[in-house]
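The structure under discussion appears below in the form of structure tokens.
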Amino acid sequence: MTNIAIMIIQPVIAMLLAPMLLGVINRVKAFFAGRRGQPLLQPYYDLWRLLHKGVVYSTTTSWVFKIAPVICLTAIILTAFIVPLGGGRSLLSFNGDLIFAAYLLGLMRFFIVIGALDTGSSFEGMGASREVQFSALAEPALFIALAAMARQTSSVSLSGIFSAVTPQMWTSNCATPLLTAAAMIIVLLTENARIPVDDPNTHLELTMIHEVMVLDNSGPDFAFILYGSALKLWIFAAILVGMLLPMNQMPLWISIPAAVAAVFAVSVFIGIVESCMARFRLISVPNLLFTSISLAILSLVFALRN
Amino acid sequence: MRTDIIMVLLILTNMVVLGSSRLRACIHVVAAQGVALGILPLIIHSFEPQLLIFAVLSVLLKGVIFPLMLWRTLRQLNVWREDDPYVGYGLSLLMGPIALAFSYWISTRLPMPFSVHSPMLIPVAMFTLIVGLFIIISRKKALTQVLGYLVLENGIYAFGMAIASQQPMLIELGILLDVFVGVFVMGIAIFHISRQFDHINTDQLSTLKD
């Protein structure tokens with residue numbers, strides 16, 4: 001009984017706290033810039049405001065544009081059910097669920113892209129093309145990194161991988177988790193449109209990737225997309241934390257708060273990266289992703305060796 | 001485990017050197033690599049006073065003096081990036097895993113007559129060596145080639161660390177001195193090359209006539 005309660009509470013925590021990550025990142029960036037910054041709960045206010053607005057649809061759009069935000073939200077919430085948080089199993093865990101999770105993220109991206117293309121605006125088409133180009137390079141890195149961890153822990157489910165991360169694994173072979181983490185950080189920054197790849201705060205055409213695709217969405221649709229991307233950030237941070245920290249050794253009442261704290265630590269890290277780095281030129285972003293792929297392959301080499 | 005962390009640091013720095021076109025960033029990263037390698041003997045071997053001197057010396061040389069000299073040359077030359085190398089950066093980055101897999105394969109064929117501290121030590125040392133060589137042959141600017149030489153030397157150093165209990169530290173010190181003189185001479189030479197020819201691209205030096 002308690003087991004099921006814990007399985008249910010994990011995605012609930014993720015869904016409740018996900019927008020807070022954006023608030024934390026904003027506050028860290030404000031702190032580095034010497035400003036006070038917006039309130040920590042600003043993303044929630046934004047979502048609330050958007051949910052109470054009406055929707056405007058361009059006459060050139062079809063049903064694809066209307067259905068895209070809903071499918072995005074569904075896909076990402078399903079992913080939240082798969083990724084466990086701090087020890088224990090997740091609600092939806094089965095052998096091979098890591099591939100299912102990666103494809104759900106792919107489905108989400110596909111519908112954002114096709115919604116952007118459906119508007120018929122060349123501007124959004126440009127963003128869609130960039131997004132697809134970069135995610136085509138980020139996806140192999142994600143898959144290879146997950147494969148390395150799966151080989152290292154000899155288990156093919158995210159819950160299994162996370163529960164097999166133990167202090168013993170760290171002392172016997174710390175190369176695989178470290179290199180996987182390095183690759184995953186780059187994938188995290190890319191997939192969530194964070195600064196070395198994309199600037200989430202700008203609306204200038206040259207710098208945008210993700211933002212440009214959702215320009216035509218309004219009201220609740222836009223709220224769904226914003227909330228979906230916050231949840232996506234949470235999920236990537238949770239995967240990173242789960243791969244690094246030996247949570248399964250602790251009792252659950254410690255491990256879940258510890259995992260939540262670690263996810264927030266990841267968001268603070270993202271804030272620091274965003275404050276200290278400039279955006280890369282679009283032409284050098286593939287190099288960054290090649291680095292990520294190479295690091296993932298390196299970690300796979302070490303995992304195969306053991 | 002601490003050795004493994006240093007090895008991972010070595011791999012990461014190698015990847016940055018392979019993928020970065022900015023000379024200043026490359027120099028910083030090679031300096032970081034040198035510092036990590038300098039404290040390696042303290043971790044691997046049991047503590048001895050002479051080891052401490054050795055570690056301090058190599059941290060000073062690899063982490064402070066080489067980077068300062070290269071930094072000075074860089075400022076005098078006013079060359080900040082490697083524009084178009086023979087092998088592009090994407091391809092260089094993908095070369096990394098291939099080189100590591102290859103050095104793993106080699107290290108299985110290379111039985112050591114004694115036990116090595118960490119199973120990662122020899123493959124990663126070999127990997128660093130290959131990366132250094134690769135940087136030397138795939139880049140055009142003379143300064144990057146000196147950096148490649150330093151990375152190569154770091155690989156030899158790491159390799160020496162793996163078998164250092166079998167090998168007198170004096171030899172390592174000798175190598176360190178050789179490298180110091182090498183970098184010193186090259187720093188001066190590069191500066192004069194750029195004075196004479198307005199650039200330090202080695203691909204055009206082969207057309208020199210007297």
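Identifiers in the structure tokens: chain A, B, ... in order shown; residue index from 1 per chain; ligand index from 1 in order shown.
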| request: Pick out the chain A residues within 10 Å of chain B. Count only C-alpha atoms. Give them as a ChimeraX atom specification. | output: /A:170-176,178-179,182,284,286-302,305
Write out, as a compact mmCIF listing (two decimals), in the first residue's frame, the residues just selected, with N, CA and C atoms.
# COMPACT_ATOMS: atom_id res chain seq x y z
N TRP A 170 30.28 3.32 -7.63
CA TRP A 170 31.13 4.50 -7.77
C TRP A 170 32.59 4.17 -7.51
N THR A 171 32.84 3.32 -6.50
CA THR A 171 34.25 3.03 -6.20
C THR A 171 34.84 2.08 -7.23
N SER A 172 34.00 1.18 -7.79
CA SER A 172 34.59 0.22 -8.72
C SER A 172 34.79 0.83 -10.10
N ASN A 173 33.84 1.62 -10.57
CA ASN A 173 33.99 2.20 -11.90
C ASN A 173 33.26 3.53 -11.93
N CYS A 174 33.96 4.60 -11.62
CA CYS A 174 33.26 5.88 -11.59
C CYS A 174 33.32 6.57 -12.94
N ALA A 175 34.07 5.97 -13.90
CA ALA A 175 34.21 6.65 -15.19
C ALA A 175 32.89 6.71 -15.93
N THR A 176 32.15 5.58 -15.95
CA THR A 176 30.91 5.56 -16.72
C THR A 176 29.90 6.58 -16.20
N LEU A 178 30.35 9.26 -14.46
CA LEU A 178 30.84 10.65 -14.63
C LEU A 178 30.72 11.10 -16.07
N LEU A 179 31.19 10.25 -17.01
CA LEU A 179 31.13 10.64 -18.42
C LEU A 179 29.69 10.72 -18.90
N ALA A 182 28.36 13.98 -17.80
CA ALA A 182 28.83 15.08 -18.64
C ALA A 182 28.04 15.14 -19.93
N SER A 284 28.28 26.55 -34.36
CA SER A 284 29.15 25.73 -33.51
C SER A 284 28.37 24.88 -32.52
N PRO A 286 26.44 22.24 -33.32
CA PRO A 286 26.67 20.82 -33.61
C PRO A 286 27.96 20.29 -32.99
N ASN A 287 29.00 21.13 -32.90
CA ASN A 287 30.24 20.66 -32.26
C ASN A 287 30.00 20.29 -30.82
N LEU A 288 29.21 21.13 -30.13
CA LEU A 288 28.88 20.84 -28.73
C LEU A 288 28.17 19.49 -28.63
N LEU A 289 27.25 19.26 -29.59
CA LEU A 289 26.49 18.01 -29.54
C LEU A 289 27.37 16.83 -29.93
N PHE A 290 28.33 17.05 -30.83
CA PHE A 290 29.28 15.98 -31.13
C PHE A 290 30.09 15.63 -29.89
N THR A 291 30.45 16.67 -29.10
CA THR A 291 31.15 16.40 -27.84
C THR A 291 30.30 15.50 -26.97
N SER A 292 29.00 15.85 -26.90
CA SER A 292 28.12 15.06 -26.05
C SER A 292 28.05 13.60 -26.53
N ILE A 293 27.93 13.42 -27.87
CA ILE A 293 27.87 12.06 -28.42
C ILE A 293 29.17 11.32 -28.09
N SER A 294 30.31 12.02 -28.27
CA SER A 294 31.60 11.37 -28.01
C SER A 294 31.72 10.96 -26.56
N LEU A 295 31.30 11.85 -25.65
CA LEU A 295 31.38 11.52 -24.23
C LEU A 295 30.51 10.31 -23.92
N ALA A 296 29.33 10.27 -24.56
CA ALA A 296 28.44 9.13 -24.34
C ALA A 296 29.10 7.85 -24.84
N ILE A 297 29.75 7.93 -26.02
CA ILE A 297 30.41 6.73 -26.55
C ILE A 297 31.56 6.32 -25.62
N LEU A 298 32.31 7.32 -25.12
CA LEU A 298 33.40 7.02 -24.19
C LEU A 298 32.87 6.28 -22.97
N SER A 299 31.74 6.77 -22.44
CA SER A 299 31.22 6.10 -21.24
C SER A 299 30.76 4.69 -21.60
N LEU A 300 30.26 4.52 -22.83
CA LEU A 300 29.85 3.17 -23.25
C LEU A 300 31.07 2.26 -23.34
N VAL A 301 32.20 2.81 -23.83
CA VAL A 301 33.44 2.03 -23.91
C VAL A 301 33.82 1.53 -22.52
N PHE A 302 33.74 2.44 -21.52
CA PHE A 302 34.11 2.04 -20.16
C PHE A 302 33.12 1.03 -19.60
N ARG A 305 33.73 -2.38 -20.95
CA ARG A 305 34.98 -2.92 -20.48
C ARG A 305 34.78 -3.70 -19.17
| message | Give me the residues near stretch 51-66 of chain B as a PyMOL selection string, where near means some atom within 7 Å (using only C-alpha atoms) and where sequence neighbours in that chain fewer than 5 positions away do not count. | response | chain B and resi 31-32+34-35+38-39+41-42
May I have a table of the residues of stretch 163-222 of chain A lying at most 12 Å from stretch 49-52 of chain A, giving each one's closest pair of atoms and their distance in Å to one decimal, counting only C-alpha atoms, ordered by chain and ascending residue number, as a tab-separated table?
residue	atom	partner	partner_atom	distance
A:Asn217	CA	A:Leu50	CA	10.7
A:Ser218	CA	A:Leu50	CA	7.6
A:Gly219	CA	A:Leu50	CA	4.7
A:Pro220	CA	A:Leu51	CA	4.4
A:Asp221	CA	A:Leu51	CA	8.1
A:Phe222	CA	A:Leu50	CA	7.1
Using N, CA and C atoms, can you write the selected residues to a file as a PDB file, in the first residue's frame?
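To be explicit, this is the file written out as result-v2.pdb:
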ATOM      1  N   ASN A 217       1.091  30.341 -30.399  1.00  0.00           N
ATOM      2  CA  ASN A 217       0.207  29.740 -29.401  1.00  0.00           C
ATOM      3  C   ASN A 217      -0.188  30.794 -28.383  1.00  0.00           C
ATOM      4  N   SER A 218      -1.441  30.694 -27.926  1.00  0.00           N
ATOM      5  CA  SER A 218      -1.896  31.695 -26.974  1.00  0.00           C
ATOM      6  C   SER A 218      -2.772  31.028 -25.931  1.00  0.00           C
ATOM      7  N   GLY A 219      -3.014  31.747 -24.849  1.00  0.00           N
ATOM      8  CA  GLY A 219      -3.948  31.295 -23.834  1.00  0.00           C
ATOM      9  C   GLY A 219      -3.574  29.941 -23.251  1.00  0.00           C
ATOM     10  N   PRO A 220      -4.567  29.104 -22.969  1.00  0.00           N
ATOM     11  CA  PRO A 220      -4.304  27.806 -22.355  1.00  0.00           C
ATOM     12  C   PRO A 220      -3.328  26.953 -23.161  1.00  0.00           C
ATOM     13  N   ASP A 221      -3.388  27.045 -24.502  1.00  0.00           N
ATOM     14  CA  ASP A 221      -2.464  26.262 -25.323  1.00  0.00           C
ATOM     15  C   ASP A 221      -1.026  26.600 -24.972  1.00  0.00           C
ATOM     16  N   PHE A 222      -0.761  27.886 -24.842  1.00  0.00           N
ATOM     17  CA  PHE A 222       0.597  28.324 -24.520  1.00  0.00           C
ATOM     18  C   PHE A 222       0.955  27.889 -23.103  1.00  0.00           C
TER      19      PHE A 222
END
| field | Using only C-alpha atoms: which of B:Ser138, B:Phe197, B:Leu23, B:Ile44 has the shortest distance to B:Arg75 | value | B:Leu23
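If only C-alpha atoms are the atoms counted, then among A:Arg27, A:Arg279, A:Arg151, A:Lys232 the closest residue to A:Asp198 is A:Arg279.
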| Hey, what's within 10 Å of A:Leu98 if we count only C-alpha atoms and toss same-chain stuff fewer than 4 positions away? As a ChimeraX atom specification, please? | /A:79,82-83,93-94,102-104,143,146-147,150,156-159,161
| said: Report as a PyMOL selection string all protein, DNA and RNA residues lying within 9 Å of A:Pro167, evaluated on only C-alpha atoms, omitting residues in the same chain fewer than 5 positions from it. | reply: chain A and resi 172+245-246+249
| Those of stretch 60-101 of chain B in DSSP alpha helix (DSSP H), formatted as JSON, numbers by chain | {"B": [66, 67, 68, 69, 70, 71, 72, 73, 74, 75, 76, 77, 89, 90, 91, 92, 93, 94, 95, 96, 97, 98, 99, 100, 101]}
Restricted to N, CA and C atoms, what would the selected residues look like written as a PDB file, in the first residue's frame?
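Result saved to out-v9.pdb:
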ATOM      1  N   PHE B  66      54.362  26.739 -18.290  1.00  0.00           N
ATOM      2  CA  PHE B  66      54.023  26.522 -19.707  1.00  0.00           C
ATOM      3  C   PHE B  66      52.874  27.403 -20.156  1.00  0.00           C
ATOM      4  N   PRO B  67      51.739  27.390 -19.415  1.00  0.00           N
ATOM      5  CA  PRO B  67      50.623  28.232 -19.853  1.00  0.00           C
ATOM      6  C   PRO B  67      50.999  29.708 -19.919  1.00  0.00           C
ATOM      7  N   LEU B  68      51.794  30.177 -18.933  1.00  0.00           N
ATOM      8  CA  LEU B  68      52.175  31.593 -18.957  1.00  0.00           C
ATOM      9  C   LEU B  68      52.994  31.908 -20.195  1.00  0.00           C
ATOM     10  N   MET B  69      53.929  30.995 -20.537  1.00  0.00           N
ATOM     11  CA  MET B  69      54.767  31.244 -21.710  1.00  0.00           C
ATOM     12  C   MET B  69      53.945  31.241 -22.985  1.00  0.00           C
ATOM     13  N   LEU B  70      53.035  30.236 -23.080  1.00  0.00           N
ATOM     14  CA  LEU B  70      52.196  30.162 -24.285  1.00  0.00           C
ATOM     15  C   LEU B  70      51.280  31.370 -24.366  1.00  0.00           C
ATOM     16  N   TRP B  71      50.774  31.783 -23.205  1.00  0.00           N
ATOM     17  CA  TRP B  71      49.877  32.934 -23.131  1.00  0.00           C
ATOM     18  C   TRP B  71      50.594  34.179 -23.616  1.00  0.00           C
ATOM     19  N   ARG B  72      51.866  34.305 -23.231  1.00  0.00           N
ATOM     20  CA  ARG B  72      52.660  35.454 -23.632  1.00  0.00           C
ATOM     21  C   ARG B  72      52.874  35.461 -25.149  1.00  0.00           C
ATOM     22  N   THR B  73      53.227  34.276 -25.678  1.00  0.00           N
ATOM     23  CA  THR B  73      53.393  34.164 -27.132  1.00  0.00           C
ATOM     24  C   THR B  73      52.105  34.528 -27.849  1.00  0.00           C
ATOM     25  N   LEU B  74      50.985  34.011 -27.309  1.00  0.00           N
ATOM     26  CA  LEU B  74      49.681  34.262 -27.909  1.00  0.00           C
ATOM     27  C   LEU B  74      49.413  35.760 -28.001  1.00  0.00           C
ATOM     28  N   ARG B  75      49.736  36.466 -26.911  1.00  0.00           N
ATOM     29  CA  ARG B  75      49.462  37.900 -26.873  1.00  0.00           C
ATOM     30  C   ARG B  75      50.334  38.637 -27.868  1.00  0.00           C
ATOM     31  N   GLN B  76      51.595  38.187 -27.973  1.00  0.00           N
ATOM     32  CA  GLN B  76      52.487  38.853 -28.919  1.00  0.00           C
ATOM     33  C   GLN B  76      52.063  38.605 -30.353  1.00  0.00           C
ATOM     34  N   LEU B  77      51.553  37.374 -30.601  1.00  0.00           N
ATOM     35  CA  LEU B  77      51.203  37.020 -31.976  1.00  0.00           C
ATOM     36  C   LEU B  77      49.885  37.632 -32.398  1.00  0.00           C
ATOM     37  N   TYR B  89      36.408  20.181 -36.623  1.00  0.00           N
ATOM     38  CA  TYR B  89      36.235  19.943 -35.197  1.00  0.00           C
ATOM     39  C   TYR B  89      35.255  18.827 -34.910  1.00  0.00           C
ATOM     40  N   GLY B  90      34.186  18.737 -35.705  1.00  0.00           N
ATOM     41  CA  GLY B  90      33.235  17.645 -35.493  1.00  0.00           C
ATOM     42  C   GLY B  90      33.906  16.301 -35.645  1.00  0.00           C
ATOM     43  N   LEU B  91      34.697  16.177 -36.724  1.00  0.00           N
ATOM     44  CA  LEU B  91      35.393  14.907 -36.997  1.00  0.00           C
ATOM     45  C   LEU B  91      36.421  14.621 -35.912  1.00  0.00           C
ATOM     46  N   SER B  92      37.133  15.682 -35.460  1.00  0.00           N
ATOM     47  CA  SER B  92      38.130  15.492 -34.398  1.00  0.00           C
ATOM     48  C   SER B  92      37.472  14.947 -33.151  1.00  0.00           C
ATOM     49  N   LEU B  93      36.267  15.508 -32.834  1.00  0.00           N
ATOM     50  CA  LEU B  93      35.581  15.063 -31.621  1.00  0.00           C
ATOM     51  C   LEU B  93      35.190  13.600 -31.720  1.00  0.00           C
ATOM     52  N   LEU B  94      34.732  13.193 -32.918  1.00  0.00           N
ATOM     53  CA  LEU B  94      34.340  11.794 -33.065  1.00  0.00           C
ATOM     54  C   LEU B  94      35.558  10.887 -33.066  1.00  0.00           C
ATOM     55  N   MET B  95      36.745  11.485 -33.333  1.00  0.00           N
ATOM     56  CA  MET B  95      37.978  10.710 -33.286  1.00  0.00           C
ATOM     57  C   MET B  95      38.272  10.271 -31.846  1.00  0.00           C
ATOM     58  N   GLY B  96      37.820  11.086 -30.868  1.00  0.00           N
ATOM     59  CA  GLY B  96      38.097  10.798 -29.464  1.00  0.00           C
ATOM     60  C   GLY B  96      37.698   9.390 -29.030  1.00  0.00           C
ATOM     61  N   PRO B  97      36.403   9.032 -29.153  1.00  0.00           N
ATOM     62  CA  PRO B  97      36.001   7.696 -28.736  1.00  0.00           C
ATOM     63  C   PRO B  97      36.750   6.596 -29.487  1.00  0.00           C
ATOM     64  N   ILE B  98      36.987   6.820 -30.791  1.00  0.00           N
ATOM     65  CA  ILE B  98      37.700   5.805 -31.564  1.00  0.00           C
ATOM     66  C   ILE B  98      39.089   5.585 -30.977  1.00  0.00           C
ATOM     67  N   ALA B  99      39.764   6.707 -30.655  1.00  0.00           N
ATOM     68  CA  ALA B  99      41.115   6.590 -30.094  1.00  0.00           C
ATOM     69  C   ALA B  99      41.075   5.877 -28.754  1.00  0.00           C
ATOM     70  N   LEU B 100      40.059   6.185 -27.942  1.00  0.00           N
ATOM     71  CA  LEU B 100      39.996   5.542 -26.621  1.00  0.00           C
ATOM     72  C   LEU B 100      39.728   4.047 -26.768  1.00  0.00           C
ATOM     73  N   ALA B 101      38.794   3.693 -27.672  1.00  0.00           N
ATOM     74  CA  ALA B 101      38.509   2.269 -27.876  1.00  0.00           C
ATOM     75  C   ALA B 101      39.770   1.557 -28.355  1.00  0.00           C
TER      76      ALA B 101
END
| message | One number please: atom CA of B:Tyr157 to atom CA of B:Val29, in Å, one decimal. | response | 16.7 Å
| message | I'd like the contact shell of stretch 207-212 of chain A - 7 Å cut-off, only C-alpha atoms, skipping same-chain residues fewer than 6 positions apart - returned as a PyMOL selection string. | response | chain A and resi 124+127+130-131+193+198-200
| remark: Counting only C-alpha atoms, closest pick from A:Ile235, A:Ala164, A:Ile8, A:Ile114 relative to A:Trp63 is A:Ile114
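Across the structure, atom CA of B:Leu173 and atom CA of B:Gly132 are spaced 20.2 Å apart.
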